[in-house]
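Raw data_17.pdb, PDB, C-alpha atoms:
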```pdb
ATOM      1  CA  MET A   1      -0.381   8.462  -0.032
ATOM      2  CA  LYS A   2      -3.068   9.859  -2.387
ATOM      3  CA  ASN A   3      -5.044   7.432  -4.500
ATOM      4  CA  ARG A   4      -7.942   7.176  -6.967
ATOM      5  CA  ILE A   5      -9.604   4.130  -5.433
ATOM      6  CA  LYS A   6     -12.838   5.916  -4.518
ATOM      7  CA  VAL A   7     -13.242   7.179  -8.088
ATOM      8  CA  LEU A   8     -12.329   3.831  -9.655
ATOM      9  CA  ARG A   9     -14.691   2.042  -7.311
ATOM     10  CA  ALA A  10     -17.527   4.461  -8.144
ATOM     11  CA  GLU A  11     -16.948   3.888 -11.875
ATOM     12  CA  LYS A  12     -17.650   0.208 -11.310
ATOM     13  CA  ASN A  13     -20.591   0.918  -8.956
ATOM     14  CA  TRP A  14     -18.925  -1.029  -6.184
ATOM     15  CA  THR A  15     -19.434  -0.361  -2.506
ATOM     16  CA  GLN A  16     -16.510  -0.425  -0.083
ATOM     17  CA  ALA A  17     -17.800  -3.797   1.107
ATOM     18  CA  ASP A  18     -17.788  -5.156  -2.473
ATOM     19  CA  LEU A  19     -14.185  -4.083  -3.000
ATOM     20  CA  ALA A  20     -13.188  -5.411   0.424
ATOM     21  CA  SER A  21     -14.720  -8.765  -0.441
ATOM     22  CA  GLU A  22     -12.876  -8.885  -3.799
ATOM     23  CA  LEU A  23      -9.562  -8.131  -2.079
ATOM     24  CA  GLU A  24     -10.225 -10.293   1.014
ATOM     25  CA  VAL A  25      -9.669  -7.404   3.411
ATOM     26  CA  SER A  26     -11.995  -5.589   5.815
ATOM     27  CA  ARG A  27     -14.267  -2.739   4.733
ATOM     28  CA  GLN A  28     -12.439  -0.584   7.281
ATOM     29  CA  THR A  29      -9.171  -1.204   5.440
ATOM     30  CA  ILE A  30     -10.670   0.011   2.147
ATOM     31  CA  ASN A  31     -12.113   3.059   3.919
ATOM     32  CA  ALA A  32      -8.746   3.905   5.525
ATOM     33  CA  ILE A  33      -6.874   3.457   2.212
ATOM     34  CA  GLU A  34      -9.370   5.681   0.361
ATOM     35  CA  LYS A  35      -8.978   8.389   2.999
ATOM     36  CA  GLY A  36      -5.189   8.136   2.785
ATOM     37  CA  LYS A  37      -4.935   7.104   6.442
ATOM     38  CA  PHE A  38      -3.412   3.710   5.702
ATOM     39  CA  ASP A  39      -0.965   2.734   2.970
ATOM     40  CA  PRO A  40      -1.573  -0.756   1.593
ATOM     41  CA  SER A  41       1.175  -3.355   1.364
ATOM     42  CA  LEU A  42       2.778  -4.005  -2.015
ATOM     43  CA  PRO A  43       0.863  -7.301  -2.513
ATOM     44  CA  LEU A  44      -2.436  -5.514  -1.826
ATOM     45  CA  ALA A  45      -1.477  -2.657  -4.160
ATOM     46  CA  PHE A  46      -0.765  -5.227  -6.898
ATOM     47  CA  LYS A  47      -4.123  -6.907  -6.221
ATOM     48  CA  LEU A  48      -5.853  -3.528  -6.592
ATOM     49  CA  ALA A  49      -3.974  -2.788  -9.803
ATOM     50  CA  ARG A  50      -4.908  -6.182 -11.237
ATOM     51  CA  LEU A  51      -8.547  -5.740 -10.241
ATOM     52  CA  PHE A  52      -8.831  -2.326 -11.902
ATOM     53  CA  GLN A  53      -6.533  -3.403 -14.776
ATOM     54  CA  LEU A  54      -4.252  -0.433 -14.213
ATOM     55  CA  ALA A  55      -0.641   0.132 -13.236
ATOM     56  CA  ILE A  56       0.027   0.799  -9.547
ATOM     57  CA  GLU A  57       1.220   4.324 -10.316
ATOM     58  CA  ASP A  58      -2.103   5.011 -12.083
ATOM     59  CA  ILE A  59      -3.893   4.328  -8.796
ATOM     60  CA  PHE A  60      -1.471   5.696  -6.203
ATOM     61  CA  GLU A  61       0.319   8.993  -6.176
ATOM     62  CA  GLU A  62       3.294   9.700  -3.973
ATOM     63  CA  GLU A  63       2.932  12.772  -1.771
ATOM     64  CA  LEU A  64       6.244  14.559  -2.051
ATOM     65  CA  VAL A  65       7.290  16.736   0.886
ATOM     66  CA  THR A  66       8.696  20.079  -0.284
ATOM     67  CA  ASP A  67      10.866  22.364   1.834
TER      68      ASP A  67
ATOM     69  CA  MET B  68     -19.379   7.449  20.335
ATOM     70  CA  LYS B  69     -20.275   5.393  17.250
ATOM     71  CA  LYS B  70     -16.612   5.404  16.212
ATOM     72  CA  THR B  71     -15.569   4.055  19.610
ATOM     73  CA  LEU B  72     -18.256   1.353  19.572
ATOM     74  CA  ASP B  73     -17.209   0.327  16.059
ATOM     75  CA  ALA B  74     -13.598   0.217  17.264
ATOM     76  CA  ILE B  75     -14.484  -1.986  20.233
ATOM     77  CA  PHE B  76     -16.575  -4.509  18.306
ATOM     78  CA  ASN B  77     -14.459  -4.275  15.138
ATOM     79  CA  MET B  78     -17.186  -5.418  12.773
ATOM     80  CA  GLY B  79     -16.456  -6.055   9.117
ATOM     81  CA  LEU B  80     -13.436  -8.321   9.334
ATOM     82  CA  PRO B  81     -13.277 -11.014   6.639
ATOM     83  CA  ALA B  82     -14.838 -14.380   7.652
ATOM     84  CA  ARG B  83     -11.362 -15.988   7.698
ATOM     85  CA  ASP B  84     -10.172 -13.503  10.359
ATOM     86  CA  ILE B  85     -13.306 -13.929  12.493
ATOM     87  CA  LYS B  86     -12.846 -17.721  12.407
ATOM     88  CA  ASN B  87      -9.166 -17.367  13.417
ATOM     89  CA  ALA B  88     -10.057 -14.832  16.144
ATOM     90  CA  ASN B  89     -12.615 -17.254  17.588
ATOM     91  CA  TYR B  90      -9.955 -19.958  17.587
ATOM     92  CA  VAL B  91      -7.595 -17.631  19.504
ATOM     93  CA  ASN B  92     -10.397 -16.803  21.982
ATOM     94  CA  LEU B  93     -11.028 -20.521  22.509
ATOM     95  CA  TRP B  94      -7.348 -21.118  23.366
ATOM     96  CA  ILE B  95      -7.283 -18.094  25.682
ATOM     97  CA  PHE B  96     -10.336 -19.547  27.453
ATOM     98  CA  ILE B  97      -8.652 -22.988  27.763
ATOM     99  CA  TRP B  98      -5.480 -21.298  29.086
ATOM    100  CA  VAL B  99      -7.427 -19.324  31.743
ATOM    101  CA  VAL B 100      -9.344 -22.463  32.791
ATOM    102  CA  SER B 101      -6.067 -24.429  33.017
ATOM    103  CA  MET B 102      -4.532 -21.627  35.118
ATOM    104  CA  LEU B 103      -7.465 -21.542  37.542
ATOM    105  CA  GLY B 104      -7.622 -25.346  37.607
ATOM    106  CA  SER B 105      -3.877 -25.629  38.314
ATOM    107  CA  ILE B 106      -4.029 -23.059  41.129
ATOM    108  CA  GLY B 107      -7.104 -24.782  42.634
ATOM    109  CA  LEU B 108      -5.601 -28.284  42.448
ATOM    110  CA  ILE B 109      -2.272 -27.152  43.913
ATOM    111  CA  GLU B 110      -3.966 -25.329  46.802
ATOM    112  CA  ILE B 111      -6.222 -28.311  47.600
ATOM    113  CA  GLY B 112      -3.307 -30.760  47.304
ATOM    114  CA  ARG B 113      -1.074 -28.674  49.549
ATOM    115  CA  GLU B 114      -3.725 -28.310  52.252
ATOM    116  CA  ALA B 115      -4.681 -32.001  52.108
ATOM    117  CA  GLN B 116      -0.962 -32.934  52.072
ATOM    118  CA  TRP B 117      -1.384 -35.421  49.244
ATOM    119  CA  SER B 118       1.566 -37.803  48.985
ATOM    120  CA  TYR B 119       1.804 -37.212  45.236
ATOM    121  CA  PHE B 120       1.542 -33.407  45.617
ATOM    122  CA  SER B 121       4.892 -32.615  43.923
ATOM    123  CA  ALA B 122       4.129 -34.793  40.902
ATOM    124  CA  LEU B 123       0.631 -33.290  40.642
ATOM    125  CA  ALA B 124       1.970 -29.730  40.911
ATOM    126  CA  LEU B 125       4.620 -30.322  38.250
ATOM    127  CA  SER B 126       2.134 -32.047  35.911
ATOM    128  CA  THR B 127      -0.471 -29.270  36.157
ATOM    129  CA  ILE B 128       2.172 -26.574  35.637
ATOM    130  CA  ALA B 129       3.572 -28.478  32.632
ATOM    131  CA  LEU B 130       0.085 -28.837  31.132
ATOM    132  CA  HIS B 131      -0.713 -25.156  31.762
ATOM    133  CA  THR B 132       2.596 -24.120  30.155
ATOM    134  CA  LEU B 133       1.988 -26.361  27.134
ATOM    135  CA  ILE B 134      -1.468 -24.835  26.654
ATOM    136  CA  GLY B 135       0.120 -21.368  26.946
ATOM    137  CA  VAL B 136       2.688 -22.183  24.244
ATOM    138  CA  ILE B 137      -0.062 -23.483  21.928
ATOM    139  CA  MET B 138      -2.069 -20.294  22.609
ATOM    140  CA  VAL B 139       0.920 -18.136  21.591
ATOM    141  CA  PHE B 140       1.387 -20.071  18.327
ATOM    142  CA  VAL B 141      -2.347 -19.855  17.548
ATOM    143  CA  TYR B 142      -2.187 -16.067  18.131
ATOM    144  CA  LYS B 143       0.916 -15.793  15.916
ATOM    145  CA  ARG B 144      -0.874 -17.675  13.116
ATOM    146  CA  PHE B 145      -3.929 -15.423  13.569
ATOM    147  CA  LEU B 146      -1.695 -12.345  13.306
ATOM    148  CA  SER B 147       0.066 -13.610  10.153
ATOM    149  CA  ALA B 148      -3.212 -14.255   8.320
ATOM    150  CA  LEU B 149      -4.982 -11.139   9.634
ATOM    151  CA  ASP B 150      -6.318  -8.259   7.522
ATOM    152  CA  GLU B 151      -3.277  -6.014   7.034
ATOM    153  CA  MET B 152      -4.658  -2.836   8.611
ATOM    154  CA  GLU B 153      -5.925  -4.735  11.647
ATOM    155  CA  ARG B 154      -2.501  -6.429  11.887
ATOM    156  CA  SER B 155      -0.867  -3.004  11.969
ATOM    157  CA  VAL B 156      -3.282  -1.931  14.753
ATOM    158  CA  GLN B 157      -2.543  -5.137  16.694
ATOM    159  CA  LEU B 158       1.236  -4.699  16.369
ATOM    160  CA  ASN B 159       1.042  -1.068  17.527
ATOM    161  CA  ALA B 160      -1.067  -2.142  20.518
ATOM    162  CA  LEU B 161       1.470  -4.865  21.346
ATOM    163  CA  ALA B 162       4.332  -2.353  21.089
ATOM    164  CA  ALA B 163       2.500   0.024  23.441
ATOM    165  CA  THR B 164       1.895  -2.857  25.863
ATOM    166  CA  VAL B 165       5.572  -3.861  25.941
ATOM    167  CA  GLY B 166       6.559  -0.205  26.401
ATOM    168  CA  VAL B 167       4.143   0.363  29.277
ATOM    169  CA  VAL B 168       5.244  -2.824  31.028
ATOM    170  CA  PHE B 169       8.970  -2.044  30.689
ATOM    171  CA  VAL B 170       8.816   1.635  31.590
ATOM    172  CA  GLY B 171       5.948   1.478  34.088
ATOM    173  CA  PHE B 172       7.152  -1.489  36.057
ATOM    174  CA  SER B 173      10.832  -0.552  36.119
ATOM    175  CA  SER B 174       9.750   2.733  37.743
ATOM    176  CA  TYR B 175       7.352   0.837  40.018
ATOM    177  CA  SER B 176      10.049  -1.587  41.150
ATOM    178  CA  ILE B 177      12.363   1.311  42.072
ATOM    179  CA  LEU B 178       9.558   2.982  44.048
ATOM    180  CA  GLU B 179       8.791  -0.389  45.647
ATOM    181  CA  LYS B 180      12.425  -0.740  46.752
ATOM    182  CA  ALA B 181      12.232   2.780  48.202
ATOM    183  CA  ALA B 182       9.117   1.605  50.090
ATOM    184  CA  PHE B 183       6.876   4.202  48.449
ATOM    185  CA  LEU B 184       4.634   1.537  46.914
ATOM    186  CA  PRO B 185       3.370  -1.891  48.071
ATOM    187  CA  TYR B 186       4.805  -5.199  46.846
ATOM    188  CA  LEU B 187       4.292  -5.635  43.109
ATOM    189  CA  LYS B 188       1.945  -8.525  42.391
ATOM    190  CA  PHE B 189       2.120 -10.394  39.071
ATOM    191  CA  GLU B 190      -1.643  -9.889  38.661
ATOM    192  CA  TYR B 191      -1.042  -6.111  38.424
ATOM    193  CA  ILE B 192       1.267  -6.668  35.450
ATOM    194  CA  LEU B 193      -1.290  -8.890  33.697
ATOM    195  CA  MET B 194      -4.023  -6.307  34.324
ATOM    196  CA  ALA B 195      -1.852  -3.430  33.082
ATOM    197  CA  MET B 196      -0.929  -5.411  29.960
ATOM    198  CA  SER B 197      -4.571  -6.307  29.206
ATOM    199  CA  LEU B 198      -5.717  -2.731  29.748
ATOM    200  CA  THR B 199      -2.952  -1.184  27.618
ATOM    201  CA  TYR B 200      -3.480  -3.721  24.845
ATOM    202  CA  SER B 201      -7.266  -3.139  24.775
ATOM    203  CA  LEU B 202      -6.846   0.656  24.825
ATOM    204  CA  GLY B 203      -4.178   0.410  22.105
ATOM    205  CA  LEU B 204      -6.565  -1.548  19.877
ATOM    206  CA  ILE B 205      -9.417   0.922  20.376
ATOM    207  CA  ILE B 206      -7.234   4.024  19.830
ATOM    208  CA  GLY B 207      -5.589   2.464  16.754
ATOM    209  CA  ARG B 208      -8.930   1.556  15.184
ATOM    210  CA  VAL B 209     -10.500   4.955  15.926
ATOM    211  CA  ARG B 210      -7.500   6.733  14.364
ATOM    212  CA  LEU B 211      -7.815   4.783  11.129
ATOM    213  CA  GLN B 212     -11.598   5.185  10.759
TER     214      GLN B 212
END
```
Please lay out the structure from this file as structure tokens.
Amino acid sequence: MKNRIKVLRAEKNWTQADLASELEVSRQTINAIEKGKFDPSLPLAFKLARLFQLAIEDIFEEELVTD
Amino acid sequence: MKKTLDAIFNMGLPARDIKNANYVNLWIFIWVVSMLGSIGLIEIGREAQWSYFSALALSTIALHTLIGVIMVFVYKRFLSALDEMERSVQLNALAATVGVVFVGFSSYSILEKAAFLPYLKFEYILMAMSLTYSLGLIIGRVRLQ
């Protein structure tokens, strides 16, 4: 799943470690989410949305598979 | 190489997870000590033909089993509270371990019956499980880096 976390994080001048600490997850988890290698759970997605004061769909974008 | 080392040492977990992981490691250590202690006591008791050997053997096995059950519950609690990506890695490694044990040792037991392979020792299963689980963790972490 694509997302804007890296951009949103940069806007706030946060490192991956800062964001990880805010969300109580590992830095590796933030890195994997930013790279689109790991999709966060719904509770974590809500936490992210609350932290950036955005809707979930403003942060994450579904990758639709076309035939 | 750096990726693999990072995957092995898994630095950067939240403090809560490190504390829980240390608690799991402590119970694993107690379980291993109780296993070695039980085996040692039973062997000594059997050779010395202690009159209370049966009671001693049953007590040590009961204690070792109880410690094992506690260890499993501590691990389950660790898994429930774990960082969600690391939990996913752990569950995939566990799935791979179960798969290897089922598939590998069913084939082994058939070959053993056909006398192609020596008698299957329980230690081999424990070693295969530990190895598969460790490899599963490393591969899972490297993939998600």
Please compute the atom CA of B:Ala160-atom CA of B:Phe145 distance, one decimal, in Å.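 Between atom CA of B:Ala160 and atom CA of B:Phe145 the gap is 15.3 Å.
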Please identify every residue of chain A that has at least one atom no more than 6 Å from any atom of chain B, counting only C-alpha atoms, and report them as a compact mmCIF listing (two decimals) with C-alpha atoms, keeping the file's coordinate frame.
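The file below, part-v2.txt, is the result:
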```txt
# COMPACT_ATOMS: atom_id res chain seq x y z
CA VAL A 25 -9.67 -7.40 3.41
CA SER A 26 -12.00 -5.59 5.82
CA ARG A 27 -14.27 -2.74 4.73
CA THR A 29 -9.17 -1.20 5.44
CA ALA A 32 -8.75 3.90 5.52
CA LYS A 37 -4.93 7.10 6.44
```
Spatial sel., origin (-7.5, -14.4, 24.3), limit 12 Å, all atoms listed in the file, listed as a ChimeraX atom specification: /B:87-100,135,137-139,141-143,145,197,200-201
Once the PyMOL selection byres ((chain A and resi 4) around 12) has been evaluated on this model, what residues remain selected, and can you format them as a PDB file with C-alpha atoms, in the coordinates of the input?
```
ATOM      1  CA  MET A   1      -0.381   8.462  -0.032  1.00  0.00           C
ATOM      2  CA  LYS A   2      -3.068   9.859  -2.387  1.00  0.00           C
ATOM      3  CA  ASN A   3      -5.044   7.432  -4.500  1.00  0.00           C
ATOM      4  CA  ILE A   5      -9.604   4.130  -5.433  1.00  0.00           C
ATOM      5  CA  LYS A   6     -12.838   5.916  -4.518  1.00  0.00           C
ATOM      6  CA  VAL A   7     -13.242   7.179  -8.088  1.00  0.00           C
ATOM      7  CA  LEU A   8     -12.329   3.831  -9.655  1.00  0.00           C
ATOM      8  CA  ARG A   9     -14.691   2.042  -7.311  1.00  0.00           C
ATOM      9  CA  ALA A  10     -17.527   4.461  -8.144  1.00  0.00           C
ATOM     10  CA  GLU A  11     -16.948   3.888 -11.875  1.00  0.00           C
ATOM     11  CA  ILE A  30     -10.670   0.011   2.147  1.00  0.00           C
ATOM     12  CA  ILE A  33      -6.874   3.457   2.212  1.00  0.00           C
ATOM     13  CA  GLU A  34      -9.370   5.681   0.361  1.00  0.00           C
ATOM     14  CA  LYS A  35      -8.978   8.389   2.999  1.00  0.00           C
ATOM     15  CA  GLY A  36      -5.189   8.136   2.785  1.00  0.00           C
ATOM     16  CA  LEU A  48      -5.853  -3.528  -6.592  1.00  0.00           C
ATOM     17  CA  ALA A  49      -3.974  -2.788  -9.803  1.00  0.00           C
ATOM     18  CA  PHE A  52      -8.831  -2.326 -11.902  1.00  0.00           C
ATOM     19  CA  LEU A  54      -4.252  -0.433 -14.213  1.00  0.00           C
ATOM     20  CA  ALA A  55      -0.641   0.132 -13.236  1.00  0.00           C
ATOM     21  CA  ILE A  56       0.027   0.799  -9.547  1.00  0.00           C
ATOM     22  CA  GLU A  57       1.220   4.324 -10.316  1.00  0.00           C
ATOM     23  CA  ASP A  58      -2.103   5.011 -12.083  1.00  0.00           C
ATOM     24  CA  ILE A  59      -3.893   4.328  -8.796  1.00  0.00           C
ATOM     25  CA  PHE A  60      -1.471   5.696  -6.203  1.00  0.00           C
ATOM     26  CA  GLU A  61       0.319   8.993  -6.176  1.00  0.00           C
ATOM     27  CA  GLU A  62       3.294   9.700  -3.973  1.00  0.00           C
TER      28      GLU A  62
END
```
At what distance in Å, to one decimal, does atom CA of B:Leu130 lie from atom CA of B:Ser105? 8.8 Å
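Minimum distance to B:Val156 across A:Ala45, A:Glu63, A:Gln53, A:Gln28 (counting all atoms listed in the file) occurs at A:Gln28.
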Exercise: residues within 12 Å of coordinate (-12.1, -10.4, -6.0), counting only C-alpha atoms, as a PDB file with C-alpha atoms, in the frame of the given file:
```
ATOM      1  CA  TRP A  14     -18.925  -1.029  -6.184  1.00  0.00           C
ATOM      2  CA  ALA A  17     -17.800  -3.797   1.107  1.00  0.00           C
ATOM      3  CA  ASP A  18     -17.788  -5.156  -2.473  1.00  0.00           C
ATOM      4  CA  LEU A  19     -14.185  -4.083  -3.000  1.00  0.00           C
ATOM      5  CA  ALA A  20     -13.188  -5.411   0.424  1.00  0.00           C
ATOM      6  CA  SER A  21     -14.720  -8.765  -0.441  1.00  0.00           C
ATOM      7  CA  GLU A  22     -12.876  -8.885  -3.799  1.00  0.00           C
ATOM      8  CA  LEU A  23      -9.562  -8.131  -2.079  1.00  0.00           C
ATOM      9  CA  GLU A  24     -10.225 -10.293   1.014  1.00  0.00           C
ATOM     10  CA  VAL A  25      -9.669  -7.404   3.411  1.00  0.00           C
ATOM     11  CA  LEU A  44      -2.436  -5.514  -1.826  1.00  0.00           C
ATOM     12  CA  LYS A  47      -4.123  -6.907  -6.221  1.00  0.00           C
ATOM     13  CA  LEU A  48      -5.853  -3.528  -6.592  1.00  0.00           C
ATOM     14  CA  ALA A  49      -3.974  -2.788  -9.803  1.00  0.00           C
ATOM     15  CA  ARG A  50      -4.908  -6.182 -11.237  1.00  0.00           C
ATOM     16  CA  LEU A  51      -8.547  -5.740 -10.241  1.00  0.00           C
ATOM     17  CA  PHE A  52      -8.831  -2.326 -11.902  1.00  0.00           C
TER      18      PHE A  52
END
```
Taken to one decimal, the atom CA of B:His131-atom CA of B:Leu103 distance is 9.6 Å
For A:Ser41, the nearest of the candidates B:Leu146, B:Leu178, B:Arg154, B:Thr71, counting only C-alpha atoms: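 Ranked by minimum distance to A:Ser41, first place goes to B:Arg154.
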Assuming 3 Å of padding per side, give the centre and edge lengths of the axis-aligned box around every listed atom of stretch 41-51 of chain A, in Å to one decimal and as JSON.
```
{"center_x": -2.9, "center_y": -5.0, "center_z": -4.9, "size_x": 17.3, "size_y": 10.6, "size_z": 18.6}
```
I'd like the contact shell of B:Ile128 - 10 Å cut-off, only C-alpha atoms, skipping same-chain residues fewer than 3 positions apart - returned as a PyMOL selection string. chain B and resi 101-102+105-106+109+122-125+131-134
So which one's closest to B:Leu198, B:Leu158, B:Ile111, B:Thr164, B:Tyr119? Using all atoms listed in the file, please.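 Using all atoms listed in the file, B:Leu198 sits closest to B:Thr164.
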